[in-house]
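Novice: Pasting target_33.tsv below, which is TSV, C-alpha atoms and all ligand atoms.
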```
chain	number	residue	atom	x	y	z
A	199	MET	CA	35.24	-26.70	5.60
A	200	VAL	CA	31.58	-26.13	4.98
A	201	ILE	CA	32.40	-23.26	2.66
A	202	SER	CA	34.99	-25.33	0.75
A	203	ILE	CA	32.49	-28.15	0.20
A	204	LEU	CA	29.90	-25.68	-0.93
A	205	MET	CA	32.35	-24.09	-3.31
A	206	LYS	CA	33.03	-27.56	-4.74
A	207	VAL	CA	29.34	-28.17	-5.24
A	208	GLN	CA	28.83	-24.75	-6.66
A	209	SER	CA	31.71	-25.06	-9.14
A	210	ASN	CA	30.24	-28.32	-10.41
A	211	TRP	CA	26.65	-27.15	-10.17
A	212	ASN	CA	27.13	-25.05	-13.25
A	213	TYR	CA	28.45	-27.81	-15.50
A	214	SER	CA	26.67	-30.73	-16.97
A	215	LYS	CA	29.70	-32.71	-18.22
A	216	PRO	CA	29.25	-36.35	-17.10
A	217	ARG	CA	32.94	-36.78	-16.15
A	218	GLU	CA	32.48	-34.19	-13.43
A	219	LEU	CA	29.50	-35.85	-11.87
A	220	PRO	CA	31.49	-38.04	-9.41
A	221	VAL	CA	33.11	-34.95	-7.90
A	222	TYR	CA	29.70	-33.41	-7.64
A	223	PHE	CA	28.24	-36.43	-5.93
A	224	SER	CA	31.16	-36.92	-3.51
A	225	ALA	CA	30.81	-33.34	-2.42
A	226	PHE	CA	27.12	-33.90	-2.12
A	227	THR	CA	27.56	-37.01	0.04
A	228	SER	CA	29.71	-35.03	2.46
A	229	LEU	CA	27.10	-32.36	2.40
A	230	GLY	CA	24.44	-34.93	3.18
A	231	HIS	CA	25.99	-35.53	6.62
A	232	LEU	CA	26.20	-31.87	7.32
A	233	PHE	CA	22.68	-31.31	6.09
A	234	ARG	CA	21.34	-33.45	8.89
A	235	SER	CA	22.74	-31.06	11.45
A	236	SER	CA	22.14	-27.69	9.91
A	237	ARG	CA	20.21	-27.98	6.70
A	238	MET	CA	18.73	-24.53	6.60
A	239	THR	CA	22.01	-22.73	7.28
A	240	LEU	CA	23.74	-24.64	4.51
A	241	TRP	CA	20.90	-24.04	2.14
A	242	ALA	CA	21.01	-20.33	2.87
A	243	LEU	CA	24.77	-20.32	2.29
A	244	ARG	CA	24.42	-22.18	-0.97
A	245	GLN	CA	21.74	-19.71	-2.08
A	246	GLN	CA	24.21	-16.93	-1.36
A	247	LEU	CA	26.82	-18.64	-3.48
A	248	LEU	CA	24.42	-19.30	-6.30
A	249	ARG	CA	23.32	-15.72	-6.30
A	250	SER	CA	26.81	-14.26	-6.17
A	251	SER	CA	28.31	-16.68	-8.68
A	252	SER	CA	29.21	-15.02	-11.95
A	253	SER	CA	28.75	-18.40	-13.64
A	254	CYS	CA	25.05	-18.59	-12.67
A	255	ALA	CA	24.74	-18.00	-16.32
A	256	ALA	CA	21.67	-17.82	-18.46
A	257	TRP	CA	18.99	-16.76	-16.02
A	258	GLY	CA	21.36	-14.16	-14.58
A	259	ARG	CA	21.92	-12.73	-18.03
A	260	LEU	CA	18.19	-12.60	-18.64
A	261	LEU	CA	17.71	-10.78	-15.35
A	262	GLN	CA	20.52	-8.39	-16.16
A	263	ARG	CA	18.93	-7.56	-19.48
A	264	GLN	CA	15.66	-7.23	-17.67
A	265	SER	CA	16.90	-4.79	-15.08
A	266	SER	CA	18.58	-2.61	-17.67
A	267	GLY	CA	15.41	-2.40	-19.72
A	268	TRP	CA	16.99	-4.88	-22.12
A	269	VAL	CA	15.02	-4.40	-25.31
A	270	TYR	CA	16.35	-0.88	-25.83
A	271	SER	CA	19.18	0.90	-24.07
A	272	ASN	CA	21.66	3.63	-24.92
A	273	ILE	CA	23.41	1.33	-27.40
A	274	HIS	CA	20.25	1.68	-29.49
A	275	GLY	CA	20.37	5.47	-29.12
A	276	TYR	CA	17.61	5.24	-26.54
A	277	ASP	CA	17.73	7.51	-23.51
A	278	GLN	CA	15.20	6.31	-20.92
A	279	GLN	CA	15.48	9.46	-18.79
A	280	GLU	CA	14.89	11.76	-21.74
A	281	VAL	CA	11.78	9.80	-22.77
A	282	ARG	CA	10.51	9.76	-19.20
A	283	GLU	CA	10.74	13.57	-19.09
A	284	LYS	CA	8.92	13.90	-22.42
A	285	LEU	CA	6.14	11.58	-21.28
A	286	GLN	CA	5.68	13.52	-18.03
A	287	ALA	CA	4.52	16.45	-20.16
A	288	PHE	CA	1.26	14.51	-20.73
A	289	PRO	CA	-0.24	14.09	-17.27
A	290	GLY	CA	-3.53	12.59	-16.09
A	291	GLY	CA	-4.78	9.52	-14.24
A	292	SER	CA	-2.61	7.10	-12.30
A	293	ILE	CA	-1.40	3.55	-12.17
A	294	ASP	CA	-1.97	2.18	-8.68
A	295	LEU	CA	-0.06	-0.70	-7.18
A	296	LEU	CA	-1.28	-2.64	-4.17
A	297	LYS	CA	1.08	-5.31	-2.86
A	298	GLN	CA	-0.93	-7.66	-0.66
A	299	ASP	CA	0.26	-9.93	2.16
A	300	SER	CA	-1.03	-12.89	0.13
A	301	GLY	CA	1.85	-12.32	-2.31
A	302	VAL	CA	-0.57	-11.25	-5.06
A	303	ALA	CA	-0.30	-7.61	-6.15
A	304	VAL	CA	-3.03	-5.68	-7.93
A	305	LEU	CA	-2.07	-3.09	-10.54
A	306	THR	CA	-4.95	-0.77	-11.47
A	307	ILE	CA	-5.05	1.39	-14.60
A	308	ASN	CA	-6.94	4.33	-13.20
A	309	ARG	CA	-8.37	7.03	-15.43
A	310	PRO	CA	-12.08	6.29	-15.74
A	311	THR	CA	-12.98	9.65	-17.33
A	312	ARG	CA	-10.88	8.62	-20.37
A	313	MET	CA	-11.83	4.93	-20.33
A	314	ASN	CA	-8.45	4.31	-18.65
A	315	ALA	CA	-6.47	5.60	-21.64
A	316	LEU	CA	-2.78	5.81	-20.75
A	317	SER	CA	-1.40	9.31	-20.37
A	318	GLY	CA	2.35	9.92	-20.54
A	319	SER	CA	2.65	10.15	-16.76
A	320	MET	CA	0.78	6.84	-16.41
A	321	MET	CA	3.34	5.20	-18.70
A	322	VAL	CA	6.10	6.48	-16.44
A	323	GLU	CA	4.26	5.24	-13.32
A	324	LEU	CA	3.78	1.86	-14.94
A	325	GLU	CA	7.53	1.55	-15.50
A	326	GLU	CA	8.25	2.58	-11.91
A	327	HIS	CA	5.85	-0.04	-10.56
A	328	VAL	CA	7.45	-2.70	-12.74
A	329	SER	CA	10.81	-1.78	-11.17
A	330	GLN	CA	9.26	-2.18	-7.71
A	331	LEU	CA	7.78	-5.56	-8.60
A	332	GLU	CA	11.14	-6.75	-9.96
A	333	ASN	CA	12.46	-6.37	-6.42
A	334	TRP	CA	9.49	-7.93	-4.61
A	335	THR	CA	11.08	-11.06	-3.18
A	336	GLU	CA	7.87	-12.23	-1.44
A	337	GLY	CA	5.75	-11.77	-4.57
A	338	LYS	CA	3.95	-14.65	-6.28
A	339	GLY	CA	1.26	-13.18	-8.46
A	340	LEU	CA	-0.01	-10.05	-10.15
A	341	ILE	CA	-3.44	-9.05	-11.39
A	342	VAL	CA	-3.69	-6.14	-13.82
A	343	GLN	CA	-7.12	-4.50	-13.99
A	344	GLY	CA	-8.74	-1.28	-15.14
A	345	ALA	CA	-10.72	0.99	-12.83
A	346	ALA	CA	-14.51	1.31	-12.96
A	347	GLY	CA	-15.36	-1.77	-14.97
A	348	THR	CA	-13.28	-1.27	-18.10
A	349	PHE	CA	-9.70	-2.31	-18.88
A	350	CYS	CA	-7.92	0.32	-21.00
A	351	SER	CA	-8.66	2.17	-24.26
A	352	GLY	CA	-5.00	2.37	-25.32
A	353	SER	CA	-2.83	5.43	-25.38
A	354	ASP	CA	-4.33	8.83	-24.73
A	355	LEU	CA	-5.34	10.08	-28.15
A	356	SER	CA	-4.59	13.71	-27.28
A	357	ALA	CA	-1.02	12.74	-26.36
A	358	VAL	CA	-0.79	10.59	-29.51
A	359	ARG	CA	-1.81	13.62	-31.60
A	360	ALA	CA	0.78	15.81	-29.90
A	361	ILE	CA	3.62	13.36	-30.52
A	362	SER	CA	2.52	12.11	-33.93
A	363	ASN	CA	5.98	12.81	-35.41
A	364	PRO	CA	7.97	9.60	-36.04
A	365	GLN	CA	10.83	10.39	-33.60
A	366	ASP	CA	8.59	10.89	-30.57
A	367	GLY	CA	6.37	7.97	-31.59
A	368	MET	CA	9.41	5.69	-31.70
A	369	LYS	CA	10.57	6.84	-28.27
A	370	MET	CA	7.16	6.17	-26.70
A	371	CYS	CA	7.07	2.82	-28.45
A	372	MET	CA	10.51	1.83	-27.08
A	373	PHE	CA	9.57	2.98	-23.59
A	374	MET	CA	6.39	0.90	-23.59
A	375	GLN	CA	8.13	-2.12	-25.12
A	376	ASN	CA	10.68	-1.99	-22.32
A	377	ALA	CA	8.05	-1.58	-19.60
A	378	LEU	CA	5.73	-4.32	-20.89
A	379	THR	CA	8.55	-6.75	-21.68
A	380	ARG	CA	9.80	-6.34	-18.13
A	381	LEU	CA	6.26	-6.79	-16.83
A	382	LEU	CA	5.90	-10.08	-18.68
A	383	ARG	CA	9.31	-11.19	-17.39
A	384	LEU	CA	8.48	-10.60	-13.73
A	385	PRO	CA	8.92	-13.84	-11.80
A	386	LEU	CA	5.24	-13.62	-10.85
A	387	MET	CA	2.19	-15.39	-12.24
A	388	SER	CA	0.34	-12.52	-13.89
A	389	ALA	CA	-3.22	-12.22	-15.12
A	390	ALA	CA	-5.00	-9.42	-16.95
A	391	LEU	CA	-8.52	-9.06	-15.63
A	392	VAL	CA	-10.41	-7.74	-18.65
A	393	GLU	CA	-13.71	-6.01	-17.99
A	394	GLY	CA	-15.36	-3.74	-20.54
A	395	ARG	CA	-12.90	-2.94	-23.28
A	396	ALA	CA	-9.24	-3.47	-23.96
A	397	LEU	CA	-8.56	-1.48	-27.12
A	398	GLY	CA	-5.39	-0.68	-29.07
A	399	GLY	CA	-2.57	-0.33	-26.56
A	400	GLY	CA	-4.99	-1.73	-23.97
A	401	ALA	CA	-5.25	-4.96	-25.97
A	402	GLU	CA	-1.45	-5.02	-26.19
A	403	PHE	CA	-1.21	-4.55	-22.43
A	404	THR	CA	-3.26	-7.73	-21.84
A	405	THR	CA	-0.68	-9.74	-23.81
A	406	ALA	CA	2.05	-8.67	-21.36
A	407	CYS	CA	0.43	-10.89	-18.72
A	408	ASP	CA	0.73	-14.66	-18.51
A	409	PHE	CA	-3.04	-15.14	-18.49
A	410	ARG	CA	-6.11	-13.23	-19.62
A	411	LEU	CA	-9.39	-13.57	-17.74
A	412	MET	CA	-12.37	-12.07	-19.53
A	413	ALA	CA	-15.48	-10.86	-17.74
A	414	SER	CA	-18.79	-11.41	-19.48
A	415	GLY	CA	-19.45	-8.69	-22.04
A	416	SER	CA	-15.79	-7.76	-22.29
A	417	VAL	CA	-13.96	-7.21	-25.58
A	418	ILE	CA	-10.30	-7.28	-26.56
A	419	GLN	CA	-9.73	-5.51	-29.86
A	420	PHE	CA	-6.54	-4.61	-31.66
A	421	VAL	CA	-8.01	-1.51	-33.32
A	422	HIS	CA	-4.64	-0.40	-34.68
A	423	LYS	CA	-5.53	-1.00	-38.32
A	424	HIS	CA	-8.46	1.37	-37.98
A	425	MET	CA	-5.98	3.96	-36.71
A	426	GLY	CA	-3.66	3.39	-39.69
A	427	LEU	CA	-1.21	1.64	-37.36
A	428	VAL	CA	0.11	-1.68	-36.21
A	429	PRO	CA	0.84	-2.59	-32.57
A	430	GLY	CA	4.04	-1.01	-31.33
A	431	TRP	CA	4.19	-1.97	-27.66
A	432	GLY	CA	5.28	-5.53	-28.45
A	433	GLY	CA	1.65	-6.64	-28.72
A	434	ALA	CA	2.00	-8.25	-32.15
A	435	ALA	CA	5.03	-10.33	-31.21
A	436	ARG	CA	3.39	-11.52	-28.01
A	437	LEU	CA	0.05	-12.17	-29.73
A	438	VAL	CA	1.74	-14.53	-32.19
A	439	HIS	CA	3.18	-16.48	-29.23
A	440	ILE	CA	-0.24	-16.67	-27.58
A	441	VAL	CA	-2.63	-17.47	-30.44
A	442	GLY	CA	-0.30	-18.45	-33.31
A	443	SER	CA	0.42	-16.49	-36.47
A	444	GLN	CA	-2.81	-17.42	-38.31
A	445	ASN	CA	-5.05	-16.14	-35.56
A	446	ALA	CA	-2.81	-13.11	-34.97
A	447	LEU	CA	-3.09	-12.24	-38.65
A	448	LYS	CA	-6.88	-12.42	-38.44
A	449	LEU	CA	-7.12	-10.41	-35.21
A	450	LEU	CA	-4.82	-7.64	-36.46
A	451	GLY	CA	-5.84	-7.74	-40.14
A	452	GLY	CA	-9.56	-7.62	-39.37
A	453	ALA	CA	-9.33	-5.59	-36.13
A	454	LEU	CA	-11.68	-8.32	-34.85
A	455	LYS	CA	-13.61	-7.91	-31.64
A	456	VAL	CA	-12.67	-10.78	-29.35
A	457	ASP	CA	-15.43	-11.62	-26.89
A	458	PRO	CA	-14.97	-14.23	-24.14
A	459	ALA	CA	-16.23	-17.10	-26.33
A	460	LEU	CA	-13.87	-16.29	-29.21
A	461	GLY	CA	-11.11	-15.57	-26.69
A	462	LEU	CA	-11.40	-19.08	-25.25
A	463	GLN	CA	-11.65	-20.66	-28.68
A	464	ILE	CA	-8.40	-19.17	-29.98
A	465	GLY	CA	-6.54	-19.30	-26.66
A	466	LEU	CA	-6.39	-15.56	-26.05
A	467	ALA	CA	-8.55	-15.98	-22.94
A	468	ASP	CA	-7.57	-18.46	-20.24
A	469	GLY	CA	-10.75	-18.10	-18.26
A	470	VAL	CA	-14.15	-16.43	-18.36
A	471	LEU	CA	-15.52	-14.77	-15.24
A	472	GLU	CA	-19.11	-14.99	-14.13
A	473	ASP	CA	-21.35	-11.97	-14.23
A	474	PRO	CA	-21.78	-11.04	-10.53
A	475	ARG	CA	-25.21	-9.55	-11.34
A	476	ALA	CA	-26.44	-12.83	-12.83
A	477	GLU	CA	-24.66	-15.35	-10.58
A	478	GLU	CA	-25.37	-15.00	-6.90
A	479	GLY	CA	-22.25	-15.53	-4.80
A	480	ALA	CA	-19.90	-15.25	-7.77
A	481	GLY	CA	-18.00	-12.42	-6.09
A	482	THR	CA	-16.56	-9.34	-7.73
A	483	PRO	CA	-14.48	-9.82	-10.88
A	484	LEU	CA	-11.35	-9.11	-8.82
A	485	GLN	CA	-12.31	-11.74	-6.24
A	486	GLN	CA	-13.00	-14.20	-9.05
A	487	ALA	CA	-9.64	-13.41	-10.66
A	488	GLU	CA	-7.85	-13.93	-7.33
A	489	ARG	CA	-9.65	-17.24	-6.92
A	490	TRP	CA	-8.71	-18.29	-10.46
A	491	LEU	CA	-5.05	-17.42	-9.87
A	492	SER	CA	-4.94	-19.01	-6.42
A	493	SER	CA	-4.01	-22.52	-7.56
A	494	TYR	CA	-1.03	-21.13	-9.50
A	495	VAL	CA	0.28	-19.04	-6.61
A	496	LYS	CA	-0.21	-21.64	-3.90
A	497	GLY	CA	3.11	-22.45	-2.19
A	498	PRO	CA	6.30	-20.64	-1.26
A	499	ALA	CA	7.31	-17.60	-3.29
A	500	ALA	CA	10.71	-19.13	-4.14
A	501	VAL	CA	9.04	-22.11	-5.84
A	502	ILE	CA	6.36	-20.08	-7.66
A	503	GLN	CA	9.01	-17.68	-8.93
A	504	ALA	CA	11.18	-20.61	-10.02
A	505	VAL	CA	8.26	-22.06	-12.02
A	506	LYS	CA	7.77	-18.76	-13.83
A	507	LYS	CA	11.50	-18.43	-14.49
A	508	VAL	CA	11.92	-21.85	-16.11
A	509	VAL	CA	8.90	-21.31	-18.34
A	510	LEU	CA	10.13	-17.85	-19.26
A	511	SER	CA	13.58	-19.19	-20.14
A	512	GLY	CA	12.01	-21.91	-22.27
A	513	ARG	CA	9.96	-19.33	-24.09
A	514	GLU	CA	12.63	-16.69	-24.57
A	515	LEU	CA	15.99	-18.43	-24.88
A	516	PRO	CA	17.53	-20.77	-27.44
A	517	LEU	CA	17.35	-24.38	-26.17
A	518	SER	CA	20.94	-24.72	-24.90
A	519	GLU	CA	20.72	-21.46	-22.99
A	520	ALA	CA	17.24	-22.35	-21.71
A	521	LEU	CA	18.59	-25.65	-20.39
A	522	ARG	CA	21.41	-23.90	-18.54
A	523	ALA	CA	18.96	-21.36	-17.13
A	524	GLU	CA	16.70	-24.21	-16.01
A	525	LYS	CA	19.64	-25.84	-14.24
A	526	ASP	CA	20.49	-22.59	-12.48
A	527	VAL	CA	16.91	-22.09	-11.35
A	528	PHE	CA	16.66	-25.74	-10.29
A	529	GLY	CA	19.71	-25.08	-8.12
A	530	THR	CA	17.86	-22.39	-6.24
A	531	VAL	CA	15.08	-24.74	-5.08
A	532	TRP	CA	16.84	-28.12	-4.81
A	533	GLY	CA	17.46	-28.81	-1.13
A	534	GLY	CA	15.50	-25.71	-0.24
A	535	PRO	CA	12.96	-25.53	2.60
A	536	ALA	CA	9.95	-26.56	0.47
A	537	ASN	CA	11.89	-29.42	-1.12
A	538	LEU	CA	13.16	-30.75	2.23
A	539	GLN	CA	9.73	-30.47	3.78
A	540	ALA	CA	8.15	-32.38	0.89
A	541	LEU	CA	10.84	-35.08	1.14
A	542	ALA	CA	10.35	-35.38	4.90
A	543	SER	CA	6.59	-35.73	4.58
A	544	LYS	CA	6.95	-38.53	1.98
A	545	SER	CA	4.15	-36.91	0.04
A	546	LYS	CA	2.20	-38.97	-2.49
A	547	HIS	CA	0.65	-37.38	-5.54
A	548	LYS	CA	-2.56	-39.32	-5.85
A	601	LIG	C1	-0.10	3.30	-31.04
A	601	LIG	C2	-1.54	3.64	-30.90
A	601	LIG	C3	-2.24	2.66	-30.09
A	601	LIG	C4	-1.22	2.25	-29.12
A	601	LIG	O1	-0.78	3.12	-28.37
A	601	LIG	O2	-0.85	1.08	-29.20
A	601	LIG	C5	-3.44	3.14	-29.34
A	601	LIG	O3	-3.75	2.67	-28.32
A	601	LIG	S1	-4.30	4.40	-30.05
A	601	LIG	C6	-5.77	4.47	-29.09
A	601	LIG	C7	-6.69	3.37	-29.48
A	601	LIG	N1	-7.92	3.54	-28.80
A	601	LIG	C8	-8.94	4.15	-29.32
A	601	LIG	O4	-8.92	4.60	-30.46
A	601	LIG	C9	-10.18	4.29	-28.44
A	601	LIG	C10	-11.05	5.43	-28.90
A	601	LIG	N2	-12.23	5.50	-28.06
A	601	LIG	C11	-13.33	4.79	-28.29
A	601	LIG	O5	-13.42	4.03	-29.22
A	601	LIG	C12	-14.45	4.95	-27.31
A	601	LIG	O6	-14.20	6.07	-26.52
A	601	LIG	C13	-14.62	3.73	-26.37
A	601	LIG	C14	-13.34	3.37	-25.66
A	601	LIG	C15	-15.10	2.55	-27.21
A	601	LIG	C16	-15.66	4.04	-25.31
A	601	LIG	O7	-16.83	4.47	-25.91
A	601	LIG	P1	-18.03	5.02	-25.00
A	601	LIG	O8	-18.40	4.01	-23.99
A	601	LIG	O9	-19.10	5.50	-25.91
A	601	LIG	O10	-17.41	6.24	-24.18
A	601	LIG	P2	-16.87	7.60	-24.77
A	601	LIG	O11	-16.44	7.48	-26.16
A	601	LIG	O12	-17.85	8.67	-24.46
A	601	LIG	O13	-15.55	7.80	-23.88
A	601	LIG	C17	-15.57	8.45	-22.63
A	601	LIG	C18	-14.50	9.51	-22.67
A	601	LIG	O14	-13.24	8.83	-22.78
A	601	LIG	C19	-12.51	9.41	-23.84
A	601	LIG	N3	-11.58	8.42	-24.41
A	601	LIG	C20	-11.84	7.15	-24.68
A	601	LIG	N4	-10.74	6.55	-25.15
A	601	LIG	C21	-9.77	7.49	-25.19
A	601	LIG	C22	-8.41	7.47	-25.60
A	601	LIG	N5	-7.79	6.36	-26.08
A	601	LIG	N6	-7.72	8.60	-25.49
A	601	LIG	C23	-8.28	9.74	-25.01
A	601	LIG	N7	-9.59	9.80	-24.61
A	601	LIG	C24	-10.31	8.69	-24.71
A	601	LIG	C25	-13.57	9.83	-24.83
A	601	LIG	O15	-13.05	10.75	-25.74
A	601	LIG	C26	-14.62	10.41	-23.91
A	601	LIG	O16	-14.19	11.69	-23.51
A	601	LIG	P3	-15.23	12.91	-23.59
A	601	LIG	O17	-15.67	12.99	-24.99
A	601	LIG	O18	-14.43	14.10	-23.14
A	601	LIG	O19	-16.33	12.56	-22.66
```
If you convert what's in this file into structure tokens, what do you get?
Ligand SMILES: CC[C@@H](C(=O)O)C(=O)SCCNC(=O)CCNC(=O)[C@H](O)C(C)(C)COP(=O)(O)OP(=O)(O)OC[C@H]1O[C@@H](n2cnc3c(N)ncnc32)[C@H](O)[C@@H]1OP(=O)(O)O
Specialist:
Amino acid sequence: MVISILMKVQSNWNYSKPRELPVYFSAFTSLGHLFRSSRMTLWALRQQLLRSSSSCAAWGRLLQRQSSGWVYSNIHGYDQQEVREKLQAFPGGSIDLLKQDSGVAVLTINRPTRMNALSGSMMVELEEHVSQLENWTEGKGLIVQGAAGTFCSGSDLSAVRAISNPQDGMKMCMFMQNALTRLLRLPLMSAALVEGRALGGGAEFTTACDFRLMASGSVIQFVHKHMGLVPGWGGAARLVHIVGSQNALKLLGGALKVDPALGLQIGLADGVLEDPRAEEGAGTPLQQAERWLSSYVKGPAAVIQAVKKVVLSGRELPLSEALRAEKDVFGTVWGGPANLQALASKSKHK
């Protein structure tokens, strides 16, 4: 009986036609009685149904695209495995992932001898870590940083020289677009912690996070024009979303150096970190970044992830699809543990 009521709710959950609302509510009233006895079990069952339902439409589709790399796949003549093998021919450095019990992971671009320039093998590692994070159910946040006080100086110029033919360049570009698009779409609150320099591809990398926190003295610079290039890792498209097309045109057209003050002014930076050498007790840049992110990752993972998902749908999908995705995500938290607890505590938001 429980299952049949849940099926009824679920079948109506995915429609917004007003004439179906009474059915929805009658099923819900019956559920209300049952909820009193075994709320958590029912909620867990409903979650199961929501997850398995093929009609859990828009967000599911977004996730599907996400897990298959979405931007490019074999229908675009793109072979991920082939590109991975090509990139592995340019080794050096590492991308390190630390998943913490707090639910905030730290991803470190680690190649200090080359100012954290990305080698081919680091690109592959990045993609592998993104896959891991896509499956991190307890995750809430992500901080991306560079090792040894600088963010990233873009792609490794020796690798760039070796693959300067258009075919290989396109493949690397598609690989990085896939990896960074999936990074931005993680249901985690992400922040790039920018110390030192973020140049070229490094500047693009910062735009694949939800927030950018700039340490004093740091610089984000899209140097592509100086290299006879434009961004190719999705950095231009994301930059337009972040700072608007006028500012993006200036930053790319002038290869402008963005310091923390300019970053804040145009909305590229969301916060400026204190210089630990000048401010006693400020903490390391990483500690400051964790503190800055803490208010956005406070609460249960399911709710934090839901927040990111509805914002992501609003940003990426046409309105009608975004609304359906929002409804689907809403369905995953409505009546959930955090919701029931808040209702029981009669919380006031003063
Ligand atoms: C599509 C292209 C685009 C993209 O993929 O989107 C790119 O990213 S292209 C790369 C764009 N980046 C650059 O052009 C950076 C070039 N480097 C510099 O401007 C400077 O090195 C620096 C980053 C401003 C740092 O200057 P400085 O503090 O004076 O240190 P060094 O210059 O001595 O650097 C130390 C060491 O690191 C090597 N290095 C730096 N960046 C790269 C890089 N992108 N690729 C490979 N190697 C890099 C640099 O050559 C030095 O090595 P050694 O000379 O062997 O000591």
Novice: Distance table requested - chain A against ligand LIG 601 (chain A), cut-off 10 Å, all atoms listed in the file: one row per qualifying residue with the closest atom pair and its distance in Å to one decimal, ordered by chain and rising residue number, as a Markdown table.
Specialist:
```
| residue | atom | partner | partner_atom | distance |
| --- | --- | --- | --- | --- |
| A:Arg309 | CA | A:LIG601 | O14 | 9.0 |
| A:Pro310 | CA | A:LIG601 | O14 | 7.6 |
| A:Thr311 | CA | A:LIG601 | O14 | 5.5 |
| A:Arg312 | CA | A:LIG601 | O14 | 3.4 |
| A:Met313 | CA | A:LIG601 | O14 | 4.8 |
| A:Asn314 | CA | A:LIG601 | N4 | 7.2 |
| A:Ala315 | CA | A:LIG601 | N5 | 4.7 |
| A:Leu316 | CA | A:LIG601 | N5 | 7.3 |
| A:Ser317 | CA | A:LIG601 | N6 | 8.2 |
| A:Thr348 | CA | A:LIG601 | C14 | 8.9 |
| A:Phe349 | CA | A:LIG601 | C14 | 9.6 |
| A:Cys350 | CA | A:LIG601 | C14 | 7.8 |
| A:Ser351 | CA | A:LIG601 | N5 | 4.7 |
| A:Gly352 | CA | A:LIG601 | O3 | 3.3 |
| A:Ser353 | CA | A:LIG601 | O3 | 4.1 |
| A:Asp354 | CA | A:LIG601 | N6 | 3.5 |
| A:Leu355 | CA | A:LIG601 | N6 | 3.9 |
| A:Ser356 | CA | A:LIG601 | C23 | 5.9 |
| A:Ala357 | CA | A:LIG601 | N6 | 7.9 |
| A:Val358 | CA | A:LIG601 | C2 | 7.1 |
| A:Arg359 | CA | A:LIG601 | S1 | 9.7 |
| A:Ser362 | CA | A:LIG601 | C1 | 9.6 |
| A:Gly367 | CA | A:LIG601 | C1 | 8.0 |
| A:Met368 | CA | A:LIG601 | C1 | 9.8 |
| A:Met370 | CA | A:LIG601 | O1 | 8.7 |
| A:Cys371 | CA | A:LIG601 | C1 | 7.6 |
| A:Met374 | CA | A:LIG601 | O1 | 8.9 |
| A:Gly394 | CA | A:LIG601 | C14 | 9.0 |
| A:Arg395 | CA | A:LIG601 | C14 | 6.8 |
| A:Ala396 | CA | A:LIG601 | C14 | 8.2 |
| A:Leu397 | CA | A:LIG601 | N1 | 5.3 |
| A:Gly398 | CA | A:LIG601 | O3 | 3.8 |
| A:Gly399 | CA | A:LIG601 | O2 | 3.5 |
| A:Gly400 | CA | A:LIG601 | O3 | 6.3 |
| A:Ala401 | CA | A:LIG601 | O3 | 8.1 |
| A:Glu402 | CA | A:LIG601 | O2 | 6.8 |
| A:Phe403 | CA | A:LIG601 | O2 | 8.8 |
| A:Val417 | CA | A:LIG601 | C15 | 10.0 |
| A:Gln419 | CA | A:LIG601 | N1 | 9.3 |
| A:Phe420 | CA | A:LIG601 | C7 | 8.3 |
| A:Val421 | CA | A:LIG601 | C7 | 6.3 |
| A:His422 | CA | A:LIG601 | C3 | 6.0 |
| A:Lys423 | CA | A:LIG601 | C3 | 9.6 |
| A:His424 | CA | A:LIG601 | O4 | 8.2 |
| A:Met425 | CA | A:LIG601 | S1 | 6.9 |
| A:Gly426 | CA | A:LIG601 | C2 | 9.0 |
| A:Leu427 | CA | A:LIG601 | C1 | 6.6 |
| A:Val428 | CA | A:LIG601 | C1 | 7.2 |
| A:Pro429 | CA | A:LIG601 | O2 | 5.3 |
| A:Gly430 | CA | A:LIG601 | O2 | 5.7 |
| A:Trp431 | CA | A:LIG601 | O2 | 6.1 |
| A:Gly432 | CA | A:LIG601 | O2 | 9.0 |
| A:Gly433 | CA | A:LIG601 | O2 | 8.1 |
```
Novice: If I take CA of Asp294 in chain A and CA of Ser329 in chain A, how far is one from the other in Å, to one decimal?
Specialist: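 CA of Ser329 in chain A lies 13.6 Å from CA of Asp294 in chain A.
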Novice: Mind pulling up the distance from CA of Ile502 in chain A to CA of Gly529 in chain A?
Specialist: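 Result for CA of Gly529 in chain A versus CA of Ile502 in chain A: 14.3 Å, one decimal.
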Novice: Of the residues A:Leu517, A:Val527, A:Ala377, A:Met412, which is the one nearest to Leu466 in chain A, using only C-alpha atoms?
Specialist: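 For Leu466 in chain A, the nearest of the candidates is A:Met412.
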Novice: Calculated over all atoms listed in the file, which of the candidates A:Lys548, A:Gly481, A:Ser414, A:Ser443 has the smallest distance to Ala459 in chain A?
Specialist: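 When distances to Ala459 in chain A are compared using all atoms listed in the file, the smallest one comes from A:Ser414.
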Novice: Could you work out how far CA of Val302 in chain A lies from CA of Ser493 in chain A, giving the answer in Å with one decimal?
Specialist: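 Calculated distance between CA of Ser493 in chain A and CA of Val302 in chain A is 12.0 Å.
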Novice: As AutoDock Vina command-line options, please report the centre and edge lengths, rounded to one decimal in Å, of the axis-aligned box that holds all listed atoms of range 529-540 of chain A with 5 Å of padding on each of the six sides.
Specialist:
```
--center_x 13.9 --center_y -27.4 --center_z -2.2 --size_x 21.6 --size_y 20.0 --size_z 21.9
```
Novice: Using only C-alpha atoms, can you tell me which of A:Gly301, A:Ile307, A:Leu295, A:Arg475 comes closest to His327 in chain A?
Specialist: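 Distance minimum relative to His327 in chain A lands on A:Leu295.
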Novice: Would you list the contacts of Glu280 in chain A as a PyMOL selection string, taking every protein, DNA or RNA residue within 12 Å and counting all atoms listed in the file, but skipping same-chain residues closer than 6 positions in sequence?
Specialist: chain A and resi 271-272+286-287+322+366+369-370+373
